[in-house]
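The structure under discussion appears below in the form of structure tokens.
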Amino acid sequence: MRTTWNGFISFGLVNIPVGLAPATSPSARQSDVSFRLLHRECKTPIKQRRWCPVHEREVGQDELVRGWEVTKGTFVVVEDADLEAIEQRDTSRSIEITRFVPLEEVDPVDFDRTYFLIPAGAEAQRRPYVLLLEAMKGAGVAALGRFVLAGKEKLCLIRPMGDALALETLFVHEDVKDHAEIDEAVATAEVKKPELDLARQVIASLEGSFEPEALRSEYRESLRELLEAKLSGQEIVAPEPAEPTPVVDLMEALRASVAASKKQPAASKKAAAASSKRAAASRK
């Protein structure tokens, strides 16, 4: 696995050599297909021009500078040297662990980007990695820390992921939006026991094992099929618009959901259970 950063996990007097490798591909988005804007008439890619409306001419890269808009039309100019002056010049290549916290207390909303921490190649250097991994798994904790990546300070959380350590870069607290407004709205809504019982039945009927292999994008697959069809000269026909779903009573909807789940063929349930077992066995 190719690493993009190499250094150490450091806490107390312990230093564990590790490499950092992205856990997701750069195309980890709704579609892995990228488009360019073309001139419809000649199919030529359009070029983006850097145009100055005051001088009415195109400007070169060497004429550009960053600006922070203080008020409408008023900017503070920021030079490259200004930004370089505040960049982190930490050369220790160290992920400094500051605290171990219960993993269950960390909400995934704080996670920004996931990386794998790769242990060193030599067996003697891998032992501290495994020791930290097993100790954290046993205690049910994650490690909070910080390090410097490409000149920028990163807050991070290290957590066990199976038999590996994963590093999550974290959002700064002020960048995570508060959900107090939702909490307040939910607190005023009354839930009746019969509704809750039926909702639990619906949930129980849809329970199953988590299968990462089942995480697939229908849009991405459809887009690939569309491109292959257009490449072969097929005509694309838009599907008929779906009929709007009528608004029904909550209890009626819950009862209908429970009834539909009970009608599921036994063979389908057995097939789903077998699929879950196969997926679990392949992960072991």
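Letters A, B, ... go to the chains of the structure tokens in the order shown; residues in each chain start at 1; ligands are counted from 1 in the same order.
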Can I get the residues of region 54-111 of chain A within 12 Å of region 19-26 of chain A, each with the closest pair of atoms and their distance in Å to one decimal, using only C-alpha atoms, sorted chain first then ascending number, as CSV?
```
residue,atom,partner,partner_atom,distance
A:Arg93,CA,A:Gly19,CA,10.4
A:Ser94,CA,A:Gly19,CA,10.8
A:Ile95,CA,A:Leu20,CA,10.6
```
Kindly save the residues from that selection, with C-alpha atoms included, as a PDB file, in the first residue's frame.
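Once everything was written out, this is out_31.pdb:
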```
ATOM      1  CA  ARG A  93       7.371  13.857  11.425  1.00  0.00           C
ATOM      2  CA  SER A  94       5.491  12.885  14.548  1.00  0.00           C
ATOM      3  CA  ILE A  95       1.815  12.276  15.332  1.00  0.00           C
TER       4      ILE A  95
END
```
Subject >> Residues near Asn6 (chain A), cut-off 12 Å, only C-alpha atoms, skip fewer than 6 positions along chain, as a list in words >> reply: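 In the requested form, the answer reads Ile16, Pro17, Val18, Gly19, Leu20, Ala21, Thr91, Ser92, Arg93, Ser94, Ile95, Phe116, Leu117, Ile118, Pro119, Ala120, Phe147, Val148, Leu149 and Ala150 of chain A.
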Keeping only N, CA and C atoms, write the selected residues to a file as a tab-separated table (two decimals), in the first residue's frame.
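The file below, out18.tsv, is the result:
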```
chain	number	residue	atom	x	y	z
A	16	ILE	N	6.42	5.02	17.53
A	16	ILE	CA	6.07	3.87	16.70
A	16	ILE	C	6.14	4.29	15.23
A	17	PRO	N	7.04	3.73	14.45
A	17	PRO	CA	7.15	4.12	13.03
A	17	PRO	C	5.93	3.67	12.23
A	18	VAL	N	5.34	4.60	11.47
A	18	VAL	CA	4.16	4.31	10.66
A	18	VAL	C	4.21	5.09	9.35
A	19	GLY	N	3.44	4.63	8.40
A	19	GLY	CA	3.21	5.36	7.18
A	19	GLY	C	1.73	5.69	7.09
A	20	LEU	N	1.38	6.71	6.33
A	20	LEU	CA	-0.01	7.15	6.19
A	20	LEU	C	-0.45	6.88	4.75
A	21	ALA	N	-1.56	6.14	4.59
A	21	ALA	CA	-2.08	5.84	3.26
A	21	ALA	C	-3.57	6.15	3.22
A	91	THR	N	9.39	19.55	11.68
A	91	THR	CA	10.16	18.56	10.93
A	91	THR	C	10.30	17.25	11.71
A	92	SER	N	9.55	17.12	12.81
A	92	SER	CA	9.69	15.93	13.65
A	92	SER	C	9.01	14.71	13.02
A	93	ARG	N	8.11	14.94	12.07
A	93	ARG	CA	7.37	13.86	11.43
A	93	ARG	C	6.70	12.98	12.47
A	94	SER	N	6.06	13.63	13.43
A	94	SER	CA	5.49	12.89	14.55
A	94	SER	C	4.00	13.18	14.71
A	95	ILE	N	3.22	12.13	14.95
A	95	ILE	CA	1.82	12.28	15.33
A	95	ILE	C	1.78	12.27	16.85
A	116	PHE	N	-5.22	4.89	6.53
A	116	PHE	CA	-4.70	3.73	7.23
A	116	PHE	C	-3.30	4.06	7.74
A	117	LEU	N	-2.99	3.61	8.94
A	117	LEU	CA	-1.64	3.73	9.46
A	117	LEU	C	-0.92	2.41	9.17
A	118	ILE	N	0.14	2.47	8.37
A	118	ILE	CA	0.86	1.28	7.93
A	118	ILE	C	2.04	1.02	8.86
A	119	PRO	N	2.15	-0.19	9.43
A	119	PRO	CA	3.29	-0.48	10.31
A	119	PRO	C	4.59	-0.58	9.53
A	120	ALA	N	5.69	-0.45	10.24
A	120	ALA	CA	7.01	-0.53	9.62
A	120	ALA	C	7.26	-1.95	9.10
A	147	PHE	N	-0.76	16.46	14.02
A	147	PHE	CA	0.49	16.34	13.27
A	147	PHE	C	0.44	17.33	12.13
A	148	VAL	N	1.52	17.41	11.39
A	148	VAL	CA	1.62	18.35	10.28
A	148	VAL	C	1.68	17.57	8.97
A	149	LEU	N	0.77	17.91	8.05
A	149	LEU	CA	0.71	17.26	6.75
A	149	LEU	C	0.73	18.34	5.67
A	150	ALA	N	1.74	18.30	4.82
A	150	ALA	CA	1.89	19.29	3.74
A	150	ALA	C	1.87	20.71	4.29
```
Original post:
Can you tell me, as a list in words, what residues are no more than 8 Å from region 154-165 of chain A when counting only C-alpha atoms, ignoring any on the same chain fewer than 3 positions away?
Top reply: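 The filter keeps Leu103, Phe116, Leu117, Ile118, Leu133, Met136, Lys137, Val141, Ala142, Ala143, Leu144, Gly145, Arg146, Phe147, Val148, Leu149, Glu168, Thr169, Leu170, Phe171 and Val172 of chain A.
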Subject >> DSSP-assigned alpha helix (DSSP H) members of region 30-244 of chain A, reported as number ranges by chain >> reply: A: 80-86, 123-139, 180-187, 193-205, 218-231
Subject >> Counting only C-alpha atoms, the residue of A:Ala189, A:Leu198, A:Val109, A:Ala124 that sits nearest Val176 (chain A) >> reply: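 Under the stated criterion, the closest residue is A:Val109.
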Subject >> Which of region 30-234 of chain A DSSP labels strand (DSSP E), written as a ChimeraX atom specification >> reply: /A:51-52,57-58,66-71,74-78,94-102,111-119,141-149,152-161,164-170
Original post:
With only C-alpha atoms as the basis for distance, which of A:Glu63, A:Glu104, A:Asp112, A:Glu79 is at the shortest distance from Leu167 (chain A)?
Top reply: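 Going through A:Glu63, A:Glu104, A:Asp112, A:Glu79 one by one, the smallest distance to Leu167 (chain A) is for A:Asp112.
CA of Tyr219 (chain A) sits 15.4 Å away from CA of Ile236 (chain A).
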Subject >> Point-to-point distance in Å for CA of Ala85 (chain A) and CA of Lys152 (chain A) >> reply: 11.9 Å
